[in-house]
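*Asks:* You'll find target.cif just under this line, and it carries mmCIF, C-alpha atoms.
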data_input
loop_
_atom_site.label_atom_id
_atom_site.label_comp_id
_atom_site.auth_asym_id
_atom_site.auth_seq_id
_atom_site.Cartn_x
_atom_site.Cartn_y
_atom_site.Cartn_z
CA MET A 711 -23.54 -29.09 -0.88
CA SER A 712 -24.81 -25.92 -2.54
CA ILE A 713 -23.39 -22.45 -1.93
CA ARG A 714 -26.17 -20.39 -0.35
CA VAL A 715 -26.34 -16.90 -1.87
CA LEU A 716 -28.25 -13.81 -0.71
CA LEU A 717 -28.86 -11.16 -3.39
CA VAL A 718 -28.96 -7.55 -2.20
CA ASP A 719 -29.85 -4.80 -4.70
CA ASP A 720 -32.57 -2.16 -4.84
CA GLN A 721 -33.22 -2.92 -8.52
CA PRO A 722 -35.49 -5.97 -8.96
CA LEU A 723 -34.44 -6.49 -12.58
CA LEU A 724 -30.79 -6.75 -11.59
CA ARG A 725 -31.64 -9.23 -8.85
CA LEU A 726 -33.62 -11.22 -11.40
CA GLY A 727 -30.66 -11.23 -13.77
CA PHE A 728 -28.28 -12.49 -11.09
CA ARG A 729 -30.81 -15.09 -9.97
CA MET A 730 -31.16 -16.40 -13.53
CA ILE A 731 -27.37 -16.73 -13.83
CA LEU A 732 -26.99 -18.52 -10.51
CA SER A 733 -29.96 -20.82 -11.17
CA THR A 734 -27.96 -22.46 -13.97
CA GLN A 735 -25.28 -23.54 -11.51
CA PRO A 736 -25.84 -26.92 -9.84
CA ASP A 737 -23.75 -25.93 -6.82
CA MET A 738 -25.50 -22.62 -6.06
CA ASP A 739 -28.80 -21.77 -4.43
CA VAL A 740 -30.28 -18.27 -4.10
CA VAL A 741 -31.82 -18.35 -0.62
CA GLY A 742 -33.21 -14.83 -0.58
CA GLU A 743 -33.33 -11.31 -1.99
CA ALA A 744 -33.18 -7.95 -0.20
CA GLY A 745 -33.84 -4.48 -1.58
CA ASP A 746 -31.98 -2.42 1.01
CA GLY A 747 -29.33 -2.70 3.70
CA VAL A 748 -31.71 -3.14 6.63
CA GLN A 749 -33.38 -6.09 4.93
CA ALA A 750 -29.96 -7.49 4.07
CA VAL A 751 -28.80 -7.58 7.68
CA ALA A 752 -32.03 -9.19 8.84
CA MET A 753 -32.08 -11.77 6.07
CA ALA A 754 -28.40 -12.64 6.53
CA ALA A 755 -29.17 -13.41 10.18
CA ALA A 756 -32.27 -15.44 9.34
CA LEU A 757 -31.00 -17.34 6.30
CA ALA A 758 -27.28 -17.83 7.10
CA PRO A 759 -26.04 -17.48 3.49
CA ASP A 760 -22.52 -18.45 2.54
CA VAL A 761 -22.12 -15.45 0.21
CA VAL A 762 -23.89 -12.09 0.01
CA LEU A 763 -23.85 -10.17 -3.29
CA MET A 764 -24.11 -6.64 -1.91
CA ASP A 765 -25.04 -3.53 -3.86
CA VAL A 766 -23.52 -0.31 -2.49
CA ARG A 767 -25.96 2.50 -3.25
CA MET A 768 -29.34 1.60 -1.77
CA PRO A 769 -32.12 3.37 0.15
CA VAL A 770 -32.77 3.06 3.91
CA ALA A 771 -29.27 1.70 4.59
CA ASP A 772 -26.50 1.40 2.01
CA GLY A 773 -24.25 -1.56 1.36
CA ILE A 774 -21.51 -0.24 3.61
CA GLU A 775 -23.80 -0.09 6.63
CA ALA A 776 -25.18 -3.52 5.77
CA THR A 777 -21.71 -5.00 5.36
CA ARG A 778 -20.66 -3.56 8.70
CA GLY A 779 -23.80 -4.93 10.31
CA ILE A 780 -23.41 -8.44 8.90
CA VAL A 781 -19.71 -8.68 9.74
CA GLY A 782 -20.28 -7.18 13.18
CA SER A 783 -22.97 -9.74 13.98
CA GLY A 784 -20.40 -12.51 13.70
CA SER A 785 -21.97 -13.96 10.58
CA ALA A 786 -19.80 -16.34 8.59
CA ALA A 787 -21.22 -14.97 5.34
CA ARG A 788 -18.68 -13.65 2.87
CA ILE A 789 -19.59 -10.38 1.19
CA LEU A 790 -18.99 -9.45 -2.44
CA VAL A 791 -19.69 -5.80 -3.13
CA LEU A 792 -21.35 -4.88 -6.42
CA THR A 793 -20.45 -1.52 -7.94
CA THR A 794 -20.90 0.37 -11.18
CA PHE A 795 -17.37 1.78 -11.18
CA ASP A 796 -14.13 -0.04 -10.40
CA LEU A 797 -12.77 2.98 -8.52
CA ASP A 798 -15.80 3.77 -6.42
CA GLU A 799 -14.94 5.35 -3.06
CA TYR A 800 -17.77 3.31 -1.56
CA VAL A 801 -15.95 0.12 -2.46
CA TRP A 802 -12.94 1.15 -0.40
CA ALA A 803 -15.24 1.90 2.53
CA ALA A 804 -16.92 -1.48 2.11
CA LEU A 805 -13.57 -3.26 2.12
CA ARG A 806 -12.74 -1.51 5.37
CA ALA A 807 -16.12 -2.61 6.72
CA GLY A 808 -15.22 -6.25 6.12
CA ALA A 809 -16.18 -7.11 2.55
CA SER A 810 -14.12 -9.81 0.90
CA GLY A 811 -13.90 -8.11 -2.47
CA PHE A 812 -15.87 -6.46 -5.21
CA LEU A 813 -17.36 -7.08 -8.63
CA LEU A 814 -18.56 -4.73 -11.32
CA LYS A 815 -22.28 -4.97 -12.03
CA ASP A 816 -21.57 -5.84 -15.66
CA VAL A 817 -19.48 -8.84 -14.62
CA GLN A 818 -19.58 -11.74 -17.03
CA PRO A 819 -21.60 -14.77 -15.82
CA ALA A 820 -18.57 -17.06 -15.69
CA ASP A 821 -16.62 -14.50 -13.68
CA LEU A 822 -19.54 -13.98 -11.30
CA THR A 823 -19.98 -17.66 -10.54
CA GLY A 824 -16.23 -18.16 -10.29
CA ALA A 825 -15.96 -15.29 -7.81
CA ILE A 826 -18.76 -16.70 -5.68
CA ARG A 827 -17.04 -20.07 -5.53
CA SER A 828 -13.70 -18.47 -4.63
CA VAL A 829 -15.20 -16.40 -1.85
CA ALA A 830 -17.21 -19.31 -0.49
CA ALA A 831 -13.94 -21.27 -0.32
CA GLY A 832 -12.36 -18.53 1.80
CA ASP A 833 -10.41 -16.66 -0.86
CA ALA A 834 -10.65 -12.98 -1.78
CA VAL A 835 -11.77 -12.11 -5.28
CA VAL A 836 -10.19 -8.67 -5.51
CA ALA A 837 -6.72 -8.99 -6.99
CA PRO A 838 -4.20 -7.40 -4.60
CA ARG A 839 -3.07 -4.95 -7.27
CA VAL A 840 -6.64 -3.75 -7.76
CA THR A 841 -6.99 -3.33 -4.02
CA ARG A 842 -3.79 -1.31 -3.96
CA ARG A 843 -5.21 0.93 -6.71
CA LEU A 844 -8.27 1.56 -4.56
CA ILE A 845 -6.14 2.34 -1.54
CA ASP A 846 -3.87 4.67 -3.49
CA ALA A 847 -6.91 6.53 -4.76
CA PHE A 848 -8.85 6.91 -1.52
CA ALA A 849 -6.81 6.15 1.61
CA GLY A 850 -5.68 9.73 1.97
CA HIS A 851 -9.25 11.02 1.88
CA LEU A 852 -10.87 8.75 4.45
CA PRO A 853 -10.03 9.45 8.09
CA ASP A 854 -9.30 6.48 10.31
CA PRO A 855 -11.39 5.93 13.43
CA ALA A 856 -9.76 7.26 16.59
CA GLY A 857 -7.26 4.86 18.08
CA GLU A 858 -7.20 2.53 15.07
CA VAL A 859 -3.55 3.18 14.20
CA SER A 860 -2.34 2.62 17.75
CA GLU A 861 -4.26 -0.64 17.86
CA ALA A 862 -2.65 -1.60 14.55
CA GLU A 863 0.78 -0.85 15.98
CA ARG A 864 0.01 -3.08 18.96
CA LEU A 865 -0.96 -5.92 16.66
CA LEU A 866 2.19 -5.44 14.59
CA GLU A 867 4.31 -6.01 17.67
CA GLY A 868 2.95 -9.54 17.84
CA LEU A 869 4.31 -10.46 14.41
CA THR A 870 7.63 -12.14 13.77
CA VAL A 871 10.18 -10.49 11.50
CA ARG A 872 9.33 -12.93 8.72
CA GLU A 873 5.59 -12.34 9.11
CA ARG A 874 6.14 -8.60 8.78
CA GLU A 875 8.16 -9.19 5.63
CA VAL A 876 5.33 -11.25 4.17
CA LEU A 877 2.84 -8.56 5.20
CA VAL A 878 4.78 -5.91 3.32
CA GLU A 879 5.02 -7.98 0.14
CA VAL A 880 1.32 -8.89 0.20
CA ALA A 881 0.47 -5.20 0.61
CA ARG A 882 2.61 -4.40 -2.45
CA GLY A 883 0.21 -6.53 -4.48
CA ARG A 884 2.31 -9.66 -4.84
CA SER A 885 0.83 -13.13 -5.12
CA ASN A 886 2.00 -15.96 -2.86
CA LEU A 887 4.24 -17.21 -5.67
CA GLU A 888 5.79 -13.77 -6.14
CA VAL A 889 6.28 -13.32 -2.38
CA ALA A 890 8.00 -16.69 -2.28
CA ALA A 891 10.42 -15.62 -5.00
CA VAL A 892 11.22 -12.28 -3.31
CA LEU A 893 11.79 -13.81 0.13
CA SER A 894 13.36 -17.09 -1.05
CA LEU A 895 10.65 -19.20 0.51
CA SER A 896 8.42 -21.97 -0.77
CA GLU A 897 4.90 -21.02 -1.84
CA ALA A 898 3.51 -23.33 0.84
CA THR A 899 5.51 -21.51 3.52
CA VAL A 900 4.21 -18.16 2.33
CA LYS A 901 0.65 -19.49 2.45
CA THR A 902 1.27 -20.60 6.04
CA HIS A 903 2.58 -17.15 6.97
CA VAL A 904 -0.44 -15.46 5.39
CA GLY A 905 -2.71 -17.74 7.41
CA ARG A 906 -0.90 -16.76 10.60
CA LEU A 907 -1.20 -13.09 9.69
CA LEU A 908 -4.94 -13.47 9.36
CA MET A 909 -5.17 -15.16 12.74
CA LYS A 910 -2.88 -12.77 14.64
CA LEU A 911 -4.35 -9.62 13.14
CA GLY A 912 -7.95 -10.81 13.40
CA LEU A 913 -8.56 -10.34 9.68
CA ARG A 914 -10.93 -12.18 7.38
CA ASP A 915 -8.92 -12.51 4.18
CA ARG A 916 -6.07 -11.27 2.01
CA VAL A 917 -7.91 -8.10 1.03
CA GLN A 918 -8.09 -7.09 4.67
CA VAL A 919 -4.36 -7.79 5.06
CA VAL A 920 -3.64 -5.21 2.36
CA VAL A 921 -6.01 -2.67 3.90
CA PHE A 922 -4.46 -3.19 7.35
CA ALA A 923 -0.93 -2.75 6.05
CA TYR A 924 -1.73 0.61 4.46
CA GLU A 925 -3.72 1.89 7.42
CA ALA A 926 -0.95 0.86 9.82
CA GLY A 927 1.66 2.65 7.70
CA VAL A 928 3.61 -0.52 6.99
CA VAL A 929 3.41 0.34 3.30
CA ARG A 930 2.92 3.90 2.12
CA ARG A 931 1.01 5.03 -0.91
CA GLY A 932 3.26 5.01 -3.92
CA GLY A 933 6.10 3.16 -2.22
CA SER A 934 7.30 1.06 0.69
#
With the file now loaded, output its structure as structure tokens.

*Replies:*
Amino acid sequence: MSIRVLLVDDQPLLRLGFRMILSTQPDMDVVGEAGDGVQAVAMAAALAPDVVLMDVRMPVADGIEATRGIVGSGSAARILVLTTFDLDEYVWAALRAGASGFLLKDVQPADLTGAIRSVAAGDAVVAPRVTRRLIDAFAGHLPDPAGEVSEAERLLEGLTVREREVLVEVARGRSNLEVAAVLSLSEATVKTHVGRLLMKLGLRDRVQVVVFAYEAGVVRRGGS
């Protein structure tokens, strides 16, 4: 079964380039193209893609608004944000809006197709350490919505001691294998705990776990 991909970028030549790359993959199918965020939200609802490649800076509505709209609609589509710079403040905002990760626009074809497959399978493509770098750079400059921290604290109360320990280690940028070593657990057990964190906190993926931990103050910038 093919992975259904929606391309969103205001530059037709870039969309063409991505389409050409994906057309060589037997397990991928480009189901549509959108040139702005409003079109993206409408087409995501109409076409039900598995993955949306989302540009950030677009006319009418940017990629952040579109990401928020797609996620808020309850769509199962996973969103990969496309950016020119790896420390773009818009990327951080998109992650907070519900994106599953980000790619640079000059991504190599093999990395692009690999990222799409990973996201379609439910994984996040942004390495935790890269996410932490984004958070360290921008978390202090973006105000949280009113009441968000108190809600985070309420959710934290529902975690077990072990789940909070796993949360902290994930937020520090550690892989499941590294968390297992630190906490003297098996990798499978850590994976189970991460899955429970996602369920209890109402999060989509590992990237969102890291974002939540920083916003809730479980891990501070530059330390624990």

*Asks:* Once the PyMOL selection byres ((chain A and resi 773-785) around 9) has been evaluated on this model, what residues remain selected, and can you format them as JSON, numbers by chain?

*Replies:* {"A": [718, 719, 746, 747, 748, 749, 750, 751, 752, 754, 755, 758, 759, 764, 765, 766, 767, 768, 771, 772, 786, 787, 788, 789, 791, 792, 800, 801, 803, 804, 805, 806, 807, 808, 809]}

*Asks:* Would you mind telling me which residue in A:Pro736, A:Pro722, A:Gly745, A:Gly811 lies nearest to Val921 of chain A when using only C-alpha atoms?

*Replies:* A:Gly811

*Asks:* Kindly indicate which residue among A:Val715, A:Val919, A:Ala926, A:Asp737 lies nearest to Glu863 of chain A, using only C-alpha atoms for the distances.

*Replies:*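 Under the stated criterion, the closest residue is A:Ala926.
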
*Asks:* Could you please determine the separation between atom CA of Ser885 of chain A and atom CA of Gly824 of chain A in Å, to one decimal place?

*Replies:*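 If I compute the distance from atom CA of Ser885 of chain A to atom CA of Gly824 of chain A, I get 18.5 Å.
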
*Asks:* Would you mind reading off the distance between atom CA of His903 of chain A and atom CA of Trp802 of chain A, one decimal, in Å?

*Replies:*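 Separating atom CA of His903 of chain A from atom CA of Trp802 of chain A is a distance of 25.1 Å.
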
*Asks:* Can you tell me which residues surround segment 909-917 of chain A at a distance of at most 9 Å, considering all atoms listed in the file, apart from same-chain residues fewer than 6 positions away, and format the answer as a ChimeraX atom specification?

*Replies:* /A:805,808-811,832-838,841,862,865-866,868-869,880-881
